[in-house]
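Below is the file upload00.txt, which contains compact mmCIF, C-alpha atoms.
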# COMPACT_ATOMS: atom_id res chain seq x y z
CA MET A 1 -8.37 -9.49 42.63
CA LYS A 2 -5.76 -12.19 42.44
CA ARG A 3 -4.28 -10.80 39.27
CA ASP A 4 -2.32 -8.43 41.53
CA ILE A 5 -0.10 -11.18 42.85
CA PHE A 6 1.55 -11.33 39.44
CA SER A 7 1.92 -7.60 39.15
CA ALA A 8 5.14 -7.62 37.17
CA THR A 9 3.03 -5.70 34.71
CA GLU A 10 -0.08 -3.93 35.90
CA PRO A 11 -2.68 -4.67 33.25
CA GLU A 12 -3.74 -1.03 32.93
CA GLN A 13 -0.20 0.09 32.21
CA LEU A 14 1.67 -0.05 28.97
CA ALA A 15 3.99 -3.06 29.23
CA MET A 16 6.35 -1.93 26.46
CA PRO A 17 7.27 1.77 26.65
CA VAL A 18 7.28 3.91 23.53
CA SER A 19 10.69 3.83 21.90
CA ARG A 20 12.49 4.28 18.59
CA ARG A 21 10.99 1.05 17.31
CA ASP A 22 7.55 2.67 17.26
CA HIS A 23 5.71 4.61 14.59
CA ILE A 24 5.41 8.08 16.07
CA GLN A 25 3.77 11.30 14.92
CA GLY A 26 4.50 14.52 16.77
CA PRO A 27 7.44 15.79 18.79
CA ALA A 28 9.37 13.52 21.17
CA ASN A 29 9.03 16.10 23.95
CA ALA A 30 5.25 16.51 23.62
CA PRO A 31 3.61 16.52 27.07
CA LEU A 32 0.93 14.10 25.86
CA THR A 33 1.34 10.69 24.24
CA LEU A 34 -1.70 8.93 22.82
CA LEU A 35 -0.99 5.33 21.85
CA GLU A 36 -3.44 3.17 19.92
CA TYR A 37 -3.56 -0.60 19.50
CA GLY A 38 -5.52 -0.95 16.28
CA ASP A 39 -6.57 -3.19 13.41
CA PHE A 40 -6.98 -1.76 9.89
CA GLU A 41 -10.06 -3.88 9.24
CA CYS A 42 -11.82 -3.10 12.54
CA PRO A 43 -14.75 -0.74 11.88
CA VAL A 44 -14.53 0.92 15.29
CA CYS A 45 -10.84 1.66 14.63
CA GLY A 46 -11.96 3.27 11.39
CA MET A 47 -14.23 5.59 13.35
CA ALA A 48 -11.50 6.28 15.90
CA TYR A 49 -9.14 7.22 13.04
CA ALA A 50 -11.15 10.38 12.30
CA VAL A 51 -11.26 11.21 16.00
CA VAL A 52 -7.48 10.96 16.33
CA LYS A 53 -7.09 13.33 13.35
CA THR A 54 -9.30 15.86 15.13
CA LEU A 55 -7.29 15.55 18.33
CA GLN A 56 -4.05 16.04 16.40
CA GLN A 57 -5.43 19.18 14.75
CA ASN A 58 -6.54 20.60 18.08
CA LEU A 59 -3.49 19.73 20.16
CA ARG A 60 -0.81 20.09 17.47
CA HIS A 61 2.72 19.96 18.92
CA ARG A 62 1.41 19.12 22.40
CA LEU A 63 0.41 15.62 21.20
CA ARG A 64 2.54 12.67 20.20
CA PHE A 65 0.58 9.83 18.56
CA VAL A 66 1.81 6.23 18.40
CA PHE A 67 0.21 3.37 16.48
CA ARG A 68 0.78 -0.33 17.23
CA HIS A 69 -0.76 -3.25 15.38
CA PHE A 70 -3.36 -5.47 17.03
CA PRO A 71 -4.79 -7.44 14.09
CA MET A 72 -7.55 -9.95 14.85
CA THR A 73 -6.50 -12.11 11.93
CA ASN A 74 -9.05 -14.91 12.26
CA VAL A 75 -12.10 -12.64 12.15
CA HIS A 76 -10.56 -9.91 9.99
CA PRO A 77 -9.05 -11.81 7.06
CA HIS A 78 -7.44 -8.71 5.49
CA ALA A 79 -5.99 -7.25 8.69
CA GLU A 80 -2.64 -9.02 8.55
CA HIS A 81 -1.77 -8.11 4.95
CA ALA A 82 -2.94 -4.55 5.58
CA ALA A 83 -0.60 -4.33 8.57
CA GLU A 84 2.24 -5.84 6.50
CA ALA A 85 1.56 -3.22 3.82
CA ALA A 86 1.78 -0.45 6.42
CA GLU A 87 5.12 -1.82 7.63
CA ALA A 88 6.40 -2.23 4.06
CA ALA A 89 5.50 1.42 3.47
CA GLY A 90 7.12 2.29 6.80
CA ALA A 91 10.38 0.69 5.69
CA ARG A 92 10.26 3.17 2.80
CA GLY A 93 9.43 6.19 4.95
CA ALA A 94 5.69 6.20 4.27
CA PHE A 95 4.07 4.44 7.24
CA TRP A 96 1.64 7.22 8.12
CA GLU A 97 0.61 7.85 4.55
CA MET A 98 -0.28 4.15 4.22
CA HIS A 99 -1.91 4.08 7.68
CA ASP A 100 -4.21 6.89 6.54
CA LEU A 101 -5.02 5.29 3.19
CA LEU A 102 -5.89 1.98 4.85
CA PHE A 103 -8.25 3.54 7.38
CA GLU A 104 -9.83 5.72 4.70
CA ASN A 105 -10.44 2.67 2.50
CA GLN A 106 -11.35 -0.04 5.00
CA GLU A 107 -13.83 -1.61 2.61
CA ALA A 108 -11.08 -2.22 0.03
CA LEU A 109 -8.21 -4.16 1.59
CA GLU A 110 -7.59 -6.94 -0.93
CA ASP A 111 -3.95 -7.39 -1.97
CA GLU A 112 -4.62 -5.60 -5.26
CA ASP A 113 -6.02 -2.64 -3.30
CA LEU A 114 -2.96 -2.57 -1.06
CA LEU A 115 -0.74 -2.43 -4.16
CA GLU A 116 -2.80 0.39 -5.57
CA TYR A 117 -2.17 2.39 -2.38
CA ALA A 118 1.53 1.53 -2.55
CA ALA A 119 1.61 2.77 -6.15
CA ALA A 120 -0.22 5.96 -5.17
CA LEU A 121 2.55 6.58 -2.63
CA GLY A 122 5.18 6.03 -5.29
CA LEU A 123 6.48 2.80 -3.75
CA ASP A 124 7.98 -0.15 -5.63
CA THR A 125 4.86 -2.31 -5.81
CA SER A 126 6.55 -5.57 -6.74
CA ALA A 127 8.91 -5.29 -3.77
CA VAL A 128 5.99 -4.40 -1.48
CA LEU A 129 3.98 -7.35 -2.77
CA ALA A 130 6.88 -9.72 -2.22
CA GLU A 131 7.20 -8.51 1.39
CA ILE A 132 3.46 -8.83 2.05
CA GLU A 133 3.38 -12.34 0.65
CA ALA A 134 6.48 -13.40 2.58
CA GLY A 135 5.15 -11.93 5.82
CA ALA A 136 8.36 -9.93 6.03
CA TYR A 137 7.19 -7.99 9.09
CA ALA A 138 5.42 -10.83 10.92
CA GLY A 139 7.83 -10.66 13.85
CA ARG A 140 7.27 -6.96 14.27
CA LEU A 141 3.47 -7.37 14.09
CA ARG A 142 3.55 -10.13 16.69
CA GLU A 143 5.71 -8.03 18.98
CA ASP A 144 3.19 -5.21 18.76
CA PHE A 145 0.30 -7.61 19.34
CA MET A 146 1.84 -9.35 22.35
CA SER A 147 2.92 -6.06 23.92
CA GLY A 148 -0.78 -5.18 23.79
CA VAL A 149 -1.85 -8.48 25.33
CA ARG A 150 0.69 -7.92 28.12
CA SER A 151 -0.78 -4.48 28.67
CA GLY A 152 -4.27 -5.92 29.11
CA VAL A 153 -5.55 -5.03 25.65
CA ASN A 154 -8.69 -7.12 25.06
CA GLY A 155 -10.01 -5.71 21.81
CA THR A 156 -9.61 -2.87 19.35
CA PRO A 157 -9.14 -0.04 19.46
CA THR A 158 -7.49 0.36 22.87
CA PHE A 159 -5.87 3.67 23.76
CA PHE A 160 -3.22 4.57 26.31
CA ILE A 161 -2.61 8.15 27.43
CA ASN A 162 0.90 8.71 28.78
CA GLY A 163 1.17 4.96 29.38
CA LEU A 164 -2.12 4.50 31.21
CA ARG A 165 -5.11 2.77 29.71
CA TYR A 166 -7.86 5.13 28.62
CA GLU A 167 -11.20 4.05 30.07
CA GLY A 168 -13.67 6.31 28.31
CA SER A 169 -15.59 6.39 25.07
CA PHE A 170 -14.04 6.99 21.63
CA ASP A 171 -15.66 10.28 20.67
CA ALA A 172 -13.41 13.32 20.24
CA GLU A 173 -14.90 15.18 23.19
CA SER A 174 -14.28 12.38 25.70
CA LEU A 175 -10.76 11.66 24.47
CA MET A 176 -9.94 15.37 24.40
CA GLY A 177 -11.21 15.70 27.95
CA ALA A 178 -8.99 12.87 29.14
CA LEU A 179 -5.95 14.31 27.36
CA VAL A 180 -6.50 17.79 28.79
CA GLU A 181 -6.98 16.34 32.24
CA THR A 182 -3.72 14.44 31.91
CA ALA A 183 -1.88 17.57 30.78
CA GLU A 184 -3.40 19.85 33.42
CA PRO A 185 -4.47 17.70 36.35
CA GLU A 186 -4.89 20.71 38.67
CA ILE A 187 -7.40 22.55 36.51
CA MET B 1 -20.80 0.64 19.07
CA LYS B 2 -18.74 3.71 19.74
CA THR B 3 -16.76 3.13 22.87
CA GLY B 4 -13.82 1.34 24.40
CA THR B 5 -14.00 0.78 28.06
CA ASN B 6 -17.19 2.71 27.86
CA GLN B 7 -18.11 -0.08 25.48
CA GLU B 8 -17.08 -2.35 28.32
CA HIS B 9 -19.13 -0.37 30.80
CA GLY B 10 -22.07 -0.43 28.37
CA ASN B 11 -21.47 -4.11 27.91
CA GLN B 12 -21.34 -4.59 31.66
CA SER B 13 -24.68 -2.86 32.22
CA ARG B 14 -26.22 -4.90 29.41
CA TYR B 15 -24.93 -8.08 31.02
CA ASN B 16 -26.17 -6.91 34.40
CA ARG B 17 -29.66 -6.63 32.91
CA LEU B 18 -29.35 -10.00 31.21
CA TYR B 19 -27.96 -11.80 34.24
CA PRO B 20 -29.15 -9.91 37.34
CA LYS B 21 -29.03 -12.74 39.85
CA GLY B 22 -25.30 -13.37 40.16
CA ARG B 23 -23.73 -12.87 43.54
CA LYS B 24 -20.05 -12.48 44.19
CA ALA B 25 -18.56 -15.74 42.97
CA ASN B 26 -16.49 -17.76 45.39
CA ALA B 27 -14.49 -19.55 42.71
CA LEU B 28 -12.19 -22.44 43.57
CA ALA B 29 -8.90 -20.87 44.58
CA ALA B 30 -5.23 -21.59 44.04
CA GLY B 31 -4.12 -24.82 45.69
CA SER B 32 -7.40 -26.70 45.12
CA ALA B 33 -7.45 -29.75 42.89
CA ALA B 34 -9.33 -28.98 39.67
CA PRO B 35 -12.44 -31.21 39.61
CA ASP B 36 -12.36 -33.64 36.69
CA PHE B 37 -15.09 -33.52 34.06
CA THR B 38 -16.14 -35.02 30.76
CA LEU B 39 -17.99 -32.68 28.41
CA LYS B 40 -18.99 -32.79 24.77
CA SER B 41 -16.84 -30.73 22.41
CA THR B 42 -18.76 -31.72 19.27
CA PRO B 43 -21.98 -33.70 18.72
CA ASP B 44 -20.01 -36.95 18.79
CA GLN B 45 -16.80 -36.19 20.71
CA SER B 46 -16.09 -35.66 24.38
CA VAL B 47 -13.17 -34.14 26.25
CA SER B 48 -12.10 -35.11 29.77
CA LEU B 49 -9.86 -32.94 31.89
CA SER B 50 -7.96 -36.05 33.00
CA GLU B 51 -6.73 -36.48 29.40
CA PHE B 52 -4.53 -33.44 29.95
CA LYS B 53 -2.64 -34.75 32.96
CA GLY B 54 1.00 -33.76 32.53
CA GLN B 55 0.08 -30.61 30.62
CA ARG B 56 -0.86 -27.16 31.82
CA VAL B 57 -4.46 -26.24 31.16
CA VAL B 58 -6.30 -22.95 30.89
CA LEU B 59 -10.03 -23.23 31.60
CA ALA B 60 -11.99 -20.22 30.36
CA PHE B 61 -15.60 -20.25 31.55
CA TYR B 62 -17.72 -17.63 29.79
CA PRO B 63 -21.42 -16.80 29.88
CA ALA B 64 -22.44 -17.34 26.25
CA ASP B 65 -21.33 -17.66 22.64
CA TRP B 66 -21.84 -14.75 20.23
CA SER B 67 -20.73 -11.67 22.10
CA PRO B 68 -19.69 -8.74 19.83
CA VAL B 69 -16.53 -9.40 17.82
CA CYS B 70 -14.08 -6.58 18.53
CA GLY B 71 -14.14 -7.26 22.26
CA ASP B 72 -14.81 -10.99 22.24
CA GLN B 73 -12.77 -13.00 24.72
CA MET B 74 -12.65 -16.30 22.77
CA THR B 75 -11.71 -14.45 19.56
CA LEU B 76 -8.83 -12.79 21.42
CA TYR B 77 -7.62 -16.05 22.96
CA ASN B 78 -7.70 -17.67 19.53
CA GLU B 79 -5.08 -15.13 18.42
CA ILE B 80 -2.92 -15.88 21.49
CA LEU B 81 -3.02 -19.69 21.15
CA PRO B 82 0.61 -19.95 19.94
CA GLU B 83 1.81 -18.22 23.12
CA PHE B 84 -0.29 -20.49 25.33
CA GLN B 85 1.18 -23.47 23.49
CA LYS B 86 4.71 -22.16 23.89
CA LEU B 87 4.04 -22.10 27.62
CA GLY B 88 2.93 -25.73 27.48
CA ALA B 89 -0.75 -24.98 28.01
CA GLU B 90 -3.93 -26.24 26.38
CA LEU B 91 -6.91 -23.88 26.27
CA LEU B 92 -10.48 -25.10 26.85
CA GLY B 93 -13.47 -22.75 26.55
CA ILE B 94 -16.57 -23.75 28.55
CA SER B 95 -20.12 -22.39 28.49
CA VAL B 96 -23.65 -23.72 28.92
CA ASP B 97 -24.32 -23.42 25.17
CA GLY B 98 -25.19 -26.61 23.30
CA VAL B 99 -22.82 -28.40 20.92
CA TRP B 100 -24.51 -27.12 17.75
CA CYS B 101 -24.32 -23.56 18.98
CA HIS B 102 -20.63 -24.02 19.83
CA ALA B 103 -20.00 -25.55 16.40
CA ALA B 104 -21.57 -22.58 14.60
CA PHE B 105 -19.77 -20.06 16.82
CA ALA B 106 -16.38 -21.79 16.43
CA ARG B 107 -16.78 -21.94 12.65
CA HIS B 108 -17.85 -18.31 12.40
CA ARG B 109 -14.91 -17.05 14.50
CA LYS B 110 -12.46 -19.65 13.12
CA LEU B 111 -11.59 -20.86 16.61
CA HIS B 112 -8.77 -23.41 16.84
CA PHE B 113 -9.40 -24.74 20.35
CA PRO B 114 -12.25 -26.80 21.84
CA LEU B 115 -15.42 -25.23 23.20
CA LEU B 116 -17.03 -27.53 25.76
CA SER B 117 -20.73 -27.77 26.38
CA ASP B 118 -21.69 -27.61 30.08
CA PHE B 119 -25.23 -28.31 28.97
CA GLU B 120 -26.71 -31.34 30.74
CA PRO B 121 -27.14 -31.16 33.63
CA LYS B 122 -26.89 -27.48 32.88
CA GLY B 123 -23.89 -25.75 34.43
CA ALA B 124 -22.91 -28.81 36.48
CA ILE B 125 -19.20 -28.27 35.89
CA ALA B 126 -19.40 -24.53 36.47
CA ARG B 127 -21.01 -25.39 39.81
CA THR B 128 -18.14 -27.67 40.80
CA TYR B 129 -15.73 -24.79 40.11
CA ARG B 130 -18.15 -22.51 42.02
CA VAL B 131 -18.65 -20.11 39.12
CA TYR B 132 -22.29 -20.82 38.20
CA ARG B 133 -24.79 -17.98 38.45
CA ASP B 134 -27.90 -19.51 39.99
CA GLY B 135 -31.03 -17.99 38.58
CA ASP B 136 -29.19 -16.47 35.61
CA GLY B 137 -28.52 -19.86 34.03
CA VAL B 138 -24.96 -19.09 32.89
CA SER B 139 -21.45 -19.30 34.30
CA GLU B 140 -19.33 -16.39 35.39
CA ARG B 141 -16.54 -15.14 33.16
CA ALA B 142 -13.92 -17.08 35.09
CA LEU B 143 -10.35 -18.21 34.40
CA PHE B 144 -8.47 -21.13 35.93
CA VAL B 145 -4.84 -21.97 35.21
CA LEU B 146 -3.94 -25.55 36.16
CA ASP B 147 -0.48 -27.01 36.65
CA ARG B 148 0.65 -30.35 35.21
CA GLU B 149 -0.78 -32.18 38.23
CA GLY B 150 -4.20 -30.65 37.78
CA ILE B 151 -3.90 -28.27 40.73
CA ILE B 152 -5.34 -24.78 40.34
CA HIS B 153 -2.44 -22.34 40.27
CA TRP B 154 -4.47 -19.18 39.63
CA SER B 155 -8.11 -18.28 39.30
CA TYR B 156 -9.86 -15.06 38.45
CA VAL B 157 -13.49 -13.99 38.09
CA SER B 158 -14.05 -10.99 35.83
CA PRO B 159 -17.12 -8.75 35.91
CA ILE B 160 -19.47 -10.72 33.64
CA GLY B 161 -19.54 -8.12 30.85
CA VAL B 162 -15.78 -7.42 30.84
CA ASN B 163 -13.34 -9.38 28.72
CA PRO B 164 -10.42 -9.94 31.14
CA GLY B 165 -7.83 -10.21 28.35
CA ALA B 166 -4.90 -12.60 28.73
CA ALA B 167 -2.22 -10.78 30.73
CA GLY B 168 -3.19 -12.64 33.92
CA ILE B 169 -3.16 -16.04 32.19
CA LEU B 170 0.28 -15.45 30.68
CA ALA B 171 1.68 -14.25 34.01
CA ALA B 172 0.31 -17.34 35.78
CA LEU B 173 1.72 -19.71 33.13
CA GLU B 174 5.12 -18.03 33.30
CA ASP B 175 5.06 -18.24 37.06
CA LEU B 176 4.41 -22.00 36.78
CA GLN B 177 7.24 -22.39 34.31
CA LYS B 178 9.61 -20.48 36.58
CA LYS B 179 8.64 -22.58 39.63
CA GLU B 180 9.18 -25.79 37.68
CA ARG B 181 12.62 -24.64 36.57
CA GLU B 182 13.55 -23.83 40.15
CA VAL B 183 12.55 -27.33 41.23
CA THR B 184 14.52 -29.05 38.47
CA ALA B 185 17.57 -26.76 38.85
Hey, can you dump this file as structure tokens for me?
Amino acid sequence: MKRDIFSATEPEQLAMPVSRRDHIQGPANAPLTLLEYGDFECPVCGMAYAVVKTLQQNLRHRLRFVFRHFPMTNVHPHAEHAAEAAEAAGARGAFWEMHDLLFENQEALEDEDLLEYAAALGLDTSAVLAEIEAGAYAGRLREDFMSGVRSGVNGTPTFFINGLRYEGSFDAESLMGALVETAEPEI
Amino acid sequence: MKTGTNQEHGNQSRYNRLYPKGRKANALAAGSAAPDFTLKSTPDQSVSLSEFKGQRVVLAFYPADWSPVCGDQMTLYNEILPEFQKLGAELLGISVDGVWCHAAFARHRKLHFPLLSDFEPKGAIARTYRVYRDGDGVSERALFVLDREGIIHWSYVSPIGVNPGAAGILAALEDLQKKEREVTA
């Protein structure tokens, strides 16, 4: 495969390592890092959301979860504003709360819905709206997106386990199996 | 649809059933001149490769319009268009679908780049790039990155059911840009 001759970044590897810029759940020294490139309006990401919750409950402090945006804005017309809303919440310390609300309400992602979620989280809705409308976090979203493209992401959701692309299916059992295998390769 | 790469594997086996005749493609390789072509992009407009002389070009051959959205190659490339443009490249999608099919597909996915119709004689251009699947009636999922002189700088044939993403295209375009800078420096 000729792709190898430009192997500055192997496509199966995460091109941009996890760092302080990222939204992270779980301890920094967890032996396992699961990273998702996702889109709040993608139905398969919505299904994967519940799976990730299960994995987090099972693995607890052994798992660190990272979410990066990969909005397909032309086919998912609400994805960009939803991602902006998550970042606006993140700037106010509530990224994960908004992340959860968005995935739990994928069928309601109009701007007025986003503001309702912001209000439910006790955020200043007029400030959040102004940021969404201005695309205040567009640079951040694009950086997430392009880091995915550089890592060979070709659709959503795409998962990486400890920096390597996960190749299996999205059910809890398969993902759990891959995580356990990564943590205990000898067993 | 429940899977990721499993989705890809599932996709690949579906494509293998749909297009069982393909042999290993012997696509035109780096260093070859890209054969010129003129193909319809809409019912009353045509696009010729020679129009792009002086620009970099990405040719993305793909088997058919209307593959599932979350993993669709053209939908992904549509999102990456600004980066291709920053690297001085025009993107052209090519399949054997007819112009009306392309028009409906492009409108549905809000595509902002031309889809060319390699329709009559069917697959003639895919054949000249050696990425036509005889017997299956479609082209491979094949990428060609051309330099400003119309020479192939990089080519890649993906398994027909697997969206190859864009990391390889971006790397090839950056490599071209770097080489050009070295020449002018």
Next item on the list: Using all atoms listed in the file, pick whichever of A:Gln56, A:Ser151, A:Gln25, A:Ser19 has the shortest atom-to-atom distance to chain B.
Entry: A:Ser151
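Residue list for chain A within 8 Å of chain B: Met1, Lys2, Arg3, Phe6, Pro11, Cys42, Val44, Met72, Thr73, Asn74, Val75, Val149, Arg150, Ser151, Gly152, Val153, Asn154, Gly155, Thr156, Pro157, Thr158, Tyr166, Glu167, Gly168, Ser169, Phe170 and Asp171 of chain A, counting all atoms listed in the file.
The gap separating CA of Glu143 in chain A from CA of Pro71 in chain A is 11.6 Å, in Å to one decimal.
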Item checked: Selection: 9 Å around Val128 in chain A, all atoms listed in the file, excl. self and same-chain fewer than 6 positions, as a PyMOL selection string -> chain A and resi 84-85+88-89+115+118
Note to self: Please compute the CA of Phe159 in chain A-CA of Leu55 in chain A distance, one decimal, in Å.
What the structure shows: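 Between these atoms lies a distance of 13.1 Å.
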Check: Please, which residues are within 9 Å of (-19.5, -16.7, 25.0) by the file's coordinates, counting only C-alpha atoms, and could they come as a VMD selection string?
Finding: chain B and resid 61 to 67 72 to 74 93 to 95 97 105 141
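Of the residues listed (A:Glu107, A:Asp39, A:Glu131, A:Asp144), A:Asp144 shows the shortest atom-to-atom separation from His23 in chain A; distances use all atoms listed in the file.
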Check: Just how far from CA of Gln13 in chain A is CA of Asp147 in chain B, in Å to one decimal?
Finding: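 Distance between the two atoms: 27.5 Å.
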Notebook entry, point to check: Counting only C-alpha atoms, what is within 6 Å of Gly88 in chain B, bar same-chain residues fewer than 2 positions away, as a VMD selection string?
Noted result: chain B and resid 56 85 to 86
Note to self: Residues near Leu63 in chain A, anyone? I mean within 9 Å using all atoms listed in the file, not counting same-chain ones fewer than 2 positions away, as a VMD selection string.
What the structure shows: chain A and resid 25 to 27 30 to 34 55 to 56 59 to 61 65 179
Next item on the list: For each of A:Arg62, A:Met146, A:Gly122, A:Asn29, take the minimum atom-to-atom distance to Thr182 in chain A, counting all atoms listed in the file, then give the residue where this is smallest.
Entry: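 Among A:Arg62, A:Met146, A:Gly122, A:Asn29, it is A:Arg62 that comes nearest to Thr182 in chain A.
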Check: For Pro35 in chain B, which residue among B:Gly150, B:Pro121, B:Gly137, B:Pro82 is the nearest when counting only C-alpha atoms?
Finding: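 For Pro35 in chain B, the nearest of the candidates is B:Gly150.
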Margin query: From the options B:Asn26, B:Asn11, B:Ser48, B:Asn16, which residue's atoms come nearest to Ala142 in chain B, counting only C-alpha atoms?
Written below: B:Asn26
